[in-house]
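Student: Contents of final_13.txt (compact mmCIF, C-alpha atoms and all ligand atoms) are given next:
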```txt
# COMPACT_ATOMS: atom_id res chain seq x y z
CA MET A 1 119.38 112.54 89.48
CA GLN A 2 116.65 114.58 87.87
CA LEU A 3 116.52 116.31 84.50
CA LEU A 4 114.12 119.25 84.36
CA LYS A 5 112.71 119.42 80.83
CA THR A 6 109.77 120.11 78.61
CA ASP A 7 108.66 117.72 75.86
CA THR A 8 109.01 120.49 73.27
CA SER A 9 112.50 121.75 74.17
CA PRO A 10 115.01 120.57 71.56
CA TYR A 11 117.88 121.38 73.94
CA ALA A 12 116.34 119.04 76.52
CA ARG A 13 115.78 116.50 73.75
CA LYS A 14 119.53 116.29 73.16
CA CYS A 15 119.99 115.25 76.80
CA ARG A 16 117.03 112.89 76.69
CA VAL A 17 118.27 111.11 73.57
CA LEU A 18 121.70 110.69 75.15
CA ILE A 19 120.20 109.34 78.39
CA ARG A 20 118.36 106.68 76.38
CA GLU A 21 121.29 105.86 74.10
CA GLN A 22 123.50 105.31 77.13
CA GLY A 23 120.97 103.27 79.08
CA LEU A 24 120.69 105.78 81.94
CA THR A 25 116.90 106.09 82.24
CA GLN A 26 116.97 104.38 85.65
CA ARG A 27 119.56 106.82 86.97
CA ILE A 28 118.11 110.06 85.63
CA GLU A 29 114.47 110.82 86.20
CA GLU A 30 112.84 113.32 83.82
CA ILE A 31 110.61 115.97 85.38
CA ASP A 32 108.43 118.48 83.53
CA ALA A 33 109.18 122.14 84.26
CA MET A 34 107.63 124.80 82.04
CA PRO A 35 110.13 127.70 82.13
CA LEU A 36 107.55 130.38 81.37
CA ASP A 37 105.62 129.38 84.50
CA ASN A 38 108.75 130.15 86.55
CA PRO A 39 108.55 126.92 88.60
CA ALA A 40 110.38 127.30 91.92
CA ALA A 41 112.20 123.97 91.43
CA LEU A 42 113.76 125.31 88.24
CA LEU A 43 114.61 128.82 89.44
CA LYS A 44 116.21 127.35 92.54
CA ILE A 45 118.79 125.47 90.50
CA ASN A 46 119.08 127.53 87.31
CA PRO A 47 119.03 131.32 87.69
CA LEU A 48 118.73 131.56 83.89
CA GLY A 49 115.26 130.03 84.22
CA LYS A 50 115.82 127.68 81.27
CA VAL A 51 115.51 123.96 80.60
CA PRO A 52 117.25 121.59 80.46
CA ALA A 53 118.71 121.65 83.96
CA LEU A 54 120.18 118.65 85.77
CA ILE A 55 119.96 118.07 89.52
CA ARG A 56 122.86 115.85 90.52
CA ASP A 57 122.90 113.67 93.64
CA ASP A 58 126.12 114.87 95.15
CA ALA A 59 127.20 117.99 93.31
CA ALA A 60 126.04 121.35 92.02
CA PRO A 61 123.24 121.40 89.44
CA LEU A 62 124.18 121.80 85.77
CA PHE A 63 122.49 123.75 82.99
CA ASN A 64 123.05 124.36 79.27
CA SER A 65 122.64 121.28 77.09
CA PRO A 66 126.28 120.96 75.91
CA LEU A 67 127.44 120.90 79.53
CA ILE A 68 124.72 118.49 80.64
CA CYS A 69 125.46 116.20 77.68
CA GLU A 70 129.16 116.25 78.52
CA TYR A 71 128.32 115.20 82.08
CA ILE A 72 125.87 112.49 81.02
CA ASP A 73 128.47 111.18 78.59
CA SER A 74 131.03 110.96 81.39
CA LEU A 75 128.76 108.49 83.23
CA ASP A 76 129.11 105.83 80.55
CA SER A 77 132.09 104.11 78.99
CA GLU A 78 130.55 104.25 75.50
CA ARG A 79 131.55 107.84 74.92
CA TRP A 80 129.55 110.01 72.50
CA ILE A 81 132.00 112.88 72.96
CA PRO A 82 135.60 111.90 72.23
CA ALA A 83 137.89 112.95 75.07
CA SER A 84 140.57 114.52 72.85
CA GLY A 85 142.00 114.82 69.38
CA THR A 86 140.59 115.76 65.99
CA SER A 87 137.40 113.76 66.49
CA ARG A 88 136.54 115.77 69.63
CA TRP A 89 136.66 119.05 67.72
CA ARG A 90 134.68 117.56 64.83
CA VAL A 91 131.91 116.42 67.22
CA LEU A 92 131.84 119.72 69.15
CA ARG A 93 131.86 121.75 65.93
CA PHE A 94 128.82 119.88 64.65
CA GLN A 95 127.10 120.28 67.98
CA ALA A 96 127.82 124.03 67.80
CA ILE A 97 126.24 124.42 64.40
CA ALA A 98 123.24 122.31 65.42
CA ASP A 99 122.77 124.34 68.62
CA GLY A 100 123.11 127.55 66.60
CA MET A 101 120.38 126.33 64.26
CA LEU A 102 118.20 125.66 67.30
CA ASP A 103 118.84 129.19 68.56
CA LEU A 104 117.85 130.62 65.17
CA THR A 105 114.76 128.42 64.91
CA VAL A 106 113.64 129.26 68.46
CA GLY A 107 114.31 132.97 67.78
CA ARG A 108 112.30 132.81 64.56
CA ARG A 109 109.45 131.07 66.32
CA ILE A 110 109.35 133.77 69.02
CA GLU A 111 109.41 136.48 66.36
CA THR A 112 106.72 134.91 64.13
CA THR A 113 104.32 134.32 67.02
CA ARG A 114 104.30 137.95 68.19
CA PRO A 115 101.29 140.08 67.32
CA GLU A 116 101.77 141.19 63.70
CA ASP A 117 102.57 144.82 64.50
CA LYS A 118 105.37 143.74 66.82
CA ARG A 119 107.15 141.41 64.39
CA PHE A 120 110.40 142.39 62.76
CA ASP A 121 110.82 141.00 59.25
CA PHE A 122 114.50 141.94 59.48
CA TRP A 123 115.06 139.37 62.24
CA ILE A 124 112.86 136.70 60.69
CA GLU A 125 114.72 136.99 57.38
CA ARG A 126 118.08 136.99 59.12
CA GLN A 127 117.18 133.88 61.13
CA GLU A 128 115.83 132.07 58.07
CA ALA A 129 118.96 132.93 56.07
CA GLY A 130 121.19 131.59 58.86
CA ILE A 131 119.21 128.35 58.99
CA ALA A 132 119.39 127.93 55.20
CA ARG A 133 123.15 128.56 55.12
CA SER A 134 123.70 126.09 57.97
CA LEU A 135 121.64 123.42 56.21
CA ASP A 136 123.71 123.92 53.05
CA LEU A 137 126.92 123.56 55.01
CA LEU A 138 125.67 120.37 56.65
CA GLU A 139 124.58 118.93 53.30
CA SER A 140 128.01 119.68 51.83
CA GLU A 141 129.81 118.06 54.81
CA ALA A 142 127.40 115.17 55.39
CA GLU A 143 130.09 112.53 54.87
CA LYS A 144 131.80 113.79 58.03
CA PHE A 145 128.90 112.94 60.37
CA ALA A 146 126.34 110.83 58.50
CA GLY A 147 127.76 107.47 59.59
CA ALA A 148 128.49 108.51 63.17
CA PHE A 149 126.57 107.92 66.36
CA ASP A 150 127.98 110.69 68.50
CA LEU A 151 126.84 113.95 70.06
CA GLY A 152 127.50 116.01 66.92
CA ALA A 153 125.42 113.79 64.65
CA MET A 154 122.68 113.48 67.26
CA ALA A 155 122.46 117.26 67.76
CA ILE A 156 122.12 117.74 64.00
CA ALA A 157 119.30 115.16 63.89
CA VAL A 158 117.57 116.99 66.79
CA ALA A 159 117.91 120.32 64.96
CA LEU A 160 116.38 118.85 61.79
CA GLY A 161 113.54 117.35 63.81
CA TYR A 162 112.95 120.74 65.38
CA LEU A 163 112.67 122.33 61.92
CA ASP A 164 109.92 119.80 61.12
CA PHE A 165 108.20 120.76 64.37
CA ARG A 166 108.48 124.57 64.36
CA TYR A 167 109.51 125.59 60.85
CA PRO A 168 108.19 123.04 58.34
CA GLU A 169 107.98 125.84 55.72
CA SER A 170 111.77 125.64 55.57
CA GLU A 171 111.29 122.49 53.44
CA TRP A 172 114.79 121.57 54.51
CA ARG A 173 114.75 118.24 52.66
CA LYS A 174 114.46 119.91 49.23
CA GLY A 175 117.75 119.51 47.35
CA ARG A 176 119.37 118.00 50.43
CA ASP A 177 119.28 114.26 49.82
CA ARG A 178 122.19 113.42 52.09
CA LEU A 179 120.66 115.22 55.08
CA THR A 180 117.31 113.58 54.34
CA ALA A 181 118.82 110.07 54.34
CA PHE A 182 120.77 110.90 57.50
CA TYR A 183 117.64 112.10 59.30
CA ASP A 184 115.58 109.08 58.21
CA LYS A 185 118.11 106.81 59.88
CA TRP A 186 117.91 108.75 63.15
CA ALA A 187 114.13 108.94 63.07
CA GLU A 188 113.97 105.14 63.39
CA ARG A 189 116.03 104.97 66.56
CA PRO A 190 114.00 104.22 69.73
CA SER A 191 115.78 107.09 71.58
CA PHE A 192 114.56 109.47 68.92
CA ARG A 193 111.04 108.09 68.59
CA ASP A 194 110.63 108.14 72.36
CA THR A 195 111.50 111.86 72.57
CA GLN A 196 109.46 113.10 69.61
CA PRO A 197 107.79 116.44 70.49
CA PRO A 198 104.01 116.15 70.91
CA ALA A 199 102.02 116.89 67.74
CA GLU A 200 99.78 119.52 69.35
CA SER A 201 101.77 122.13 71.26
N1 LIG B 301 121.72 127.15 75.44
C1 LIG B 301 120.69 126.53 76.23
C2 LIG B 301 119.33 126.97 75.70
C3 LIG B 301 118.19 126.51 76.60
C4 LIG B 301 116.87 127.18 76.23
O1 LIG B 301 116.83 128.25 75.61
N2 LIG B 301 115.75 126.53 76.63
C5 LIG B 301 114.46 127.08 76.36
C6 LIG B 301 113.45 125.99 76.09
S1 LIG B 301 113.62 125.37 74.46
C7 LIG B 301 113.98 127.81 77.60
O2 LIG B 301 114.07 127.28 78.69
N3 LIG B 301 113.43 129.01 77.42
C8 LIG B 301 112.87 129.77 78.47
C9 LIG B 301 113.36 131.18 78.50
O3 LIG B 301 114.13 131.57 77.57
O4 LIG B 301 112.99 131.91 79.41
C10 LIG B 301 120.87 125.02 76.18
O5 LIG B 301 121.56 124.52 75.27
O6 LIG B 301 120.39 124.31 77.09
```
Kindly return the structure encoded in the file as structure tokens.
Ligand SMILES: N[C@@H](CCC(=O)N[C@@H](CS)C(=O)NCC(=O)O)C(=O)O
Tutor:
Amino acid sequence: MQLLKTDTSPYARKCRVLIREQGLTQRIEEIDAMPLDNPAALLKINPLGKVPALIRDDAAPLFNSPLICEYIDSLDSERWIPASGTSRWRVLRFQAIADGMLDLTVGRRIETTRPEDKRFDFWIERQEAGIARSLDLLESEAEKFAGAFDLGAMAIAVALGYLDFRYPESEWRKGRDRLTAFYDKWAERPSFRDTQPPAES
């Protein structure tokens, strides 16, 4: 199988961390595809034109990181997404907030890199406020995910790493000791170190 990705996409990073955590690097090859270049290989399998996208050996391609992660997780017996029950909804809820933070951070990045006369402060402020509120919620609920190695916790760690990469001015660690300690633990994991976005990009 092949995962189309970029090294900077945090959505692709979720899949790439999971592939490493579940020992699937031999089964899933990672291929660079820059969405803004409209590569034919990507458009052929994902009409949305986005990464990540997964080409499977014997079935239709998959896109959207929650779906791809669910599929990757199904390949291994060490499940990072519980199949049912309260823990499933806890994990998916944390993934949803982490993915929402990624959407806000990506949206903010797009807005702040436009020429100055085309930027909308309204949107930048709205995105920054959403990120700050989400961080506060995560800090207040840290005991629910901090000790876990599952998709929810991993997606939160990826979202925090993406803030360091694209929105360091957020200073998300300030006043958030539990999130800081949680992130430090993830940052040491080989799966996380191996998928760190490149410094210059
Ligand atoms: N909800 C999607 C978001 C994927 C996404 O937005 N990927 C970005 C890269 S970080 C992309 O391909 N953008 C290209 C575009 O929007 O045209 C997911 O979770 O996979």
Student: Compare A:Ala40, A:Ala153, A:Glu111, A:Glu116 by their minimum atom-to-atom distance to A:Lys185, counting all atoms listed in the file, and give me the closest one.
Tutor: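 Closest to A:Lys185, using all atoms listed in the file: A:Ala153.
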Student: Measure the distance from atom CA of A:Ser140 to atom CA of A:Ser87 in Å and round it to one decimal.
Tutor: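 Here the two named atoms are 18.4 Å from each other.
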Student: Using all atoms listed in the file, pick whichever of A:Ala60, A:Leu54, A:Ala146, A:Ala199 has the shortest atom-to-atom distance to A:Tyr162.
Tutor: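 Closest to A:Tyr162, using all atoms listed in the file: A:Ala199.
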Student: Within 10 Å of ligand LIG 301 (chain B), counting only C-alpha atoms and all ligand atoms, which protein or nucleic acid residues do you find, written as a ChimeraX atom specification?
Tutor: /A:4-15,33-38,42,46,48-53,62-69,96,99-100,102-103,106-107
Student: For A:Arg20, which residue out of A:Met101, A:Asp121, A:Gly147, A:Arg189 is the nearest one, using only C-alpha atoms?
Tutor: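 Using only C-alpha atoms, the shortest distance to A:Arg20 belongs to A:Arg189.
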Student: Measuring atom to atom with only C-alpha atoms, identify which of A:Asp136, A:Glu125, A:Tyr183, A:Arg109 is nearest to A:Phe165.
Tutor: A:Arg109
Student: List the neighbours of A:Gly23 out to 12 Å using all atoms listed in the file; skip same-chain residues closer than 3 positions along the sequence, and give me the result as an MDAnalysis selection string.
Tutor: chainID A and resid 16:20 26:28 72:73 75:78 190:191
Student: Neighbours of A:Phe94 within 12 Å (only C-alpha atoms; same-chain residues fewer than 3 positions away dropped), as number ranges by chain?
Tutor: A: 66, 81, 87-91, 97-101, 134-135, 137-138, 141-142, 144-146, 148, 150-159
Student: Using only C-alpha atoms, give me every residue within 7 Å of (121.4, 114.5, 87.7) in file coordinates, as an mmCIF file with C-alpha atoms, keeping the file's coordinate frame.
Tutor:
```cif
data_model
loop_
_atom_site.group_PDB
_atom_site.id
_atom_site.type_symbol
_atom_site.label_atom_id
_atom_site.label_comp_id
_atom_site.auth_asym_id
_atom_site.auth_seq_id
_atom_site.Cartn_x
_atom_site.Cartn_y
_atom_site.Cartn_z
ATOM 1 C CA MET A 1 119.380 112.540 89.480
ATOM 2 C CA GLN A 2 116.650 114.580 87.870
ATOM 3 C CA LEU A 3 116.520 116.310 84.500
ATOM 4 C CA ILE A 28 118.110 110.060 85.630
ATOM 5 C CA LEU A 54 120.180 118.650 85.770
ATOM 6 C CA ILE A 55 119.960 118.070 89.520
ATOM 7 C CA ARG A 56 122.860 115.850 90.520
ATOM 8 C CA ASP A 57 122.900 113.670 93.640
#
```
Student: Provide the atom CA of A:Glu139 to atom CA of A:Pro168 distance in Å, to one decimal place.
Tutor: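 We find that atom CA of A:Glu139 and atom CA of A:Pro168 lie 17.6 Å from each other.
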Student: Mind giving me the straight-line distance from atom CA of A:Thr105 to atom CA of A:Glu200 in Å, one decimal?
Tutor: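 Computed distance, atom CA of A:Thr105 to atom CA of A:Glu200, equals 18.0 Å.
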Student: Quick one: residues within 8 Å of A:Gln127, all atoms listed in the file counted, chain neighbours fewer than 3 positions away excluded, as a PDB file with C-alpha atoms, in the coordinates of the input?
Tutor:
```
ATOM      1  CA  LEU A 104     117.850 130.620  65.170  1.00  0.00           C
ATOM      2  CA  THR A 105     114.760 128.420  64.910  1.00  0.00           C
ATOM      3  CA  GLY A 107     114.310 132.970  67.780  1.00  0.00           C
ATOM      4  CA  ARG A 108     112.300 132.810  64.560  1.00  0.00           C
ATOM      5  CA  TRP A 123     115.060 139.370  62.240  1.00  0.00           C
ATOM      6  CA  ILE A 124     112.860 136.700  60.690  1.00  0.00           C
ATOM      7  CA  GLY A 130     121.190 131.590  58.860  1.00  0.00           C
ATOM      8  CA  ILE A 131     119.210 128.350  58.990  1.00  0.00           C
TER       9      ILE A 131
END
```
Student: Place all heavy atoms on stretch 187-198 of chain A and deliver the coordinates as an mmCIF file, keeping the file's coordinate frame.
Tutor:
```cif
data_model
loop_
_atom_site.group_PDB
_atom_site.id
_atom_site.type_symbol
_atom_site.label_atom_id
_atom_site.label_comp_id
_atom_site.auth_asym_id
_atom_site.auth_seq_id
_atom_site.Cartn_x
_atom_site.Cartn_y
_atom_site.Cartn_z
ATOM 1 N N ALA A 187 115.550 108.944 62.697
ATOM 2 C CA ALA A 187 114.130 108.940 63.070
ATOM 3 C C ALA A 187 113.657 107.551 63.489
ATOM 4 O O ALA A 187 112.674 107.413 64.221
ATOM 5 C CB ALA A 187 113.288 109.465 61.898
ATOM 6 N N GLU A 188 114.357 106.514 63.032
ATOM 7 C CA GLU A 188 113.970 105.140 63.390
ATOM 8 C C GLU A 188 114.482 104.706 64.754
ATOM 9 O O GLU A 188 114.051 103.686 65.286
ATOM 10 C CB GLU A 188 114.576 104.159 62.361
ATOM 11 C CG GLU A 188 113.899 104.193 61.025
ATOM 12 C CD GLU A 188 114.679 103.361 60.017
ATOM 13 O OE1 GLU A 188 115.650 102.668 60.408
ATOM 14 O OE2 GLU A 188 114.309 103.428 58.847
ATOM 15 N N ARG A 189 115.425 105.432 65.300
ATOM 16 C CA ARG A 189 116.030 104.970 66.560
ATOM 17 C C ARG A 189 115.033 105.135 67.723
ATOM 18 O O ARG A 189 114.369 106.168 67.840
ATOM 19 C CB ARG A 189 117.295 105.767 66.876
ATOM 20 C CG ARG A 189 118.441 105.412 65.980
ATOM 21 C CD ARG A 189 119.674 106.161 66.329
ATOM 22 N NE ARG A 189 120.446 105.579 67.423
ATOM 23 C CZ ARG A 189 121.271 104.557 67.308
ATOM 24 N NH1 ARG A 189 121.405 103.966 66.145
ATOM 25 N NH2 ARG A 189 121.963 104.110 68.346
ATOM 26 N N PRO A 190 114.930 104.128 68.594
ATOM 27 C CA PRO A 190 114.000 104.220 69.730
ATOM 28 C C PRO A 190 114.221 105.482 70.567
ATOM 29 O O PRO A 190 113.267 106.121 71.014
ATOM 30 C CB PRO A 190 114.301 102.952 70.531
ATOM 31 C CG PRO A 190 114.843 101.992 69.522
ATOM 32 C CD PRO A 190 115.583 102.814 68.502
ATOM 33 N N SER A 191 115.492 105.890 70.762
ATOM 34 C CA SER A 191 115.780 107.090 71.580
ATOM 35 C C SER A 191 115.148 108.330 70.949
ATOM 36 O O SER A 191 114.734 109.254 71.650
ATOM 37 C CB SER A 191 117.286 107.304 71.676
ATOM 38 O OG SER A 191 117.840 107.577 70.390
ATOM 39 N N PHE A 192 115.084 108.318 69.651
ATOM 40 C CA PHE A 192 114.560 109.470 68.920
ATOM 41 C C PHE A 192 113.036 109.436 68.881
ATOM 42 O O PHE A 192 112.383 110.444 69.125
ATOM 43 C CB PHE A 192 115.138 109.433 67.490
ATOM 44 C CG PHE A 192 115.488 110.787 66.972
ATOM 45 C CD1 PHE A 192 116.569 111.487 67.499
ATOM 46 C CD2 PHE A 192 114.753 111.380 65.973
ATOM 47 C CE1 PHE A 192 116.891 112.746 67.033
ATOM 48 C CE2 PHE A 192 115.069 112.634 65.495
ATOM 49 C CZ PHE A 192 116.129 113.320 66.025
ATOM 50 N N ARG A 193 112.516 108.234 68.633
ATOM 51 C CA ARG A 193 111.040 108.090 68.590
ATOM 52 C C ARG A 193 110.434 108.409 69.954
ATOM 53 O O ARG A 193 109.401 109.063 70.062
ATOM 54 C CB ARG A 193 110.675 106.654 68.178
ATOM 55 C CG ARG A 193 110.796 106.404 66.687
ATOM 56 C CD ARG A 193 109.838 105.302 66.251
ATOM 57 N NE ARG A 193 110.025 104.098 67.052
ATOM 58 C CZ ARG A 193 110.815 103.097 66.690
ATOM 59 N NH1 ARG A 193 111.468 103.135 65.550
ATOM 60 N NH2 ARG A 193 110.945 102.043 67.461
ATOM 61 N N ASP A 194 111.118 107.993 70.998
ATOM 62 C CA ASP A 194 110.630 108.140 72.360
ATOM 63 C C ASP A 194 110.624 109.612 72.827
ATOM 64 O O ASP A 194 109.959 109.954 73.811
ATOM 65 C CB ASP A 194 111.550 107.315 73.275
ATOM 66 C CG ASP A 194 110.909 107.004 74.597
ATOM 67 O OD1 ASP A 194 109.683 106.826 74.611
ATOM 68 O OD2 ASP A 194 111.631 106.953 75.608
ATOM 69 N N THR A 195 111.380 110.460 72.143
ATOM 70 C CA THR A 195 111.500 111.860 72.570
ATOM 71 C C THR A 195 110.914 112.824 71.549
ATOM 72 O O THR A 195 111.173 114.029 71.600
ATOM 73 C CB THR A 195 112.989 112.218 72.794
ATOM 74 O OG1 THR A 195 113.720 111.931 71.587
ATOM 75 C CG2 THR A 195 113.606 111.427 73.934
ATOM 76 N N GLN A 196 110.139 112.290 70.631
ATOM 77 C CA GLN A 196 109.460 113.100 69.610
ATOM 78 C C GLN A 196 108.597 114.164 70.281
ATOM 79 O O GLN A 196 107.849 113.869 71.192
ATOM 80 C CB GLN A 196 108.570 112.130 68.793
ATOM 81 C CG GLN A 196 107.880 112.690 67.599
ATOM 82 C CD GLN A 196 108.845 112.884 66.429
ATOM 83 O OE1 GLN A 196 109.899 112.268 66.375
ATOM 84 N NE2 GLN A 196 108.488 113.789 65.545
ATOM 85 N N PRO A 197 108.680 115.444 69.866
ATOM 86 C CA PRO A 197 107.790 116.440 70.490
ATOM 87 C C PRO A 197 106.319 116.134 70.184
ATOM 88 O O PRO A 197 106.026 115.588 69.119
ATOM 89 C CB PRO A 197 108.210 117.776 69.848
ATOM 90 C CG PRO A 197 109.108 117.435 68.717
ATOM 91 C CD PRO A 197 109.571 116.022 68.859
ATOM 92 N N PRO A 198 105.423 116.448 71.117
ATOM 93 C CA PRO A 198 104.010 116.150 70.910
ATOM 94 C C PRO A 198 103.458 116.902 69.700
ATOM 95 O O PRO A 198 103.889 118.026 69.431
ATOM 96 C CB PRO A 198 103.333 116.639 72.191
ATOM 97 C CG PRO A 198 104.324 117.502 72.871
ATOM 98 C CD PRO A 198 105.681 117.142 72.384
#
```
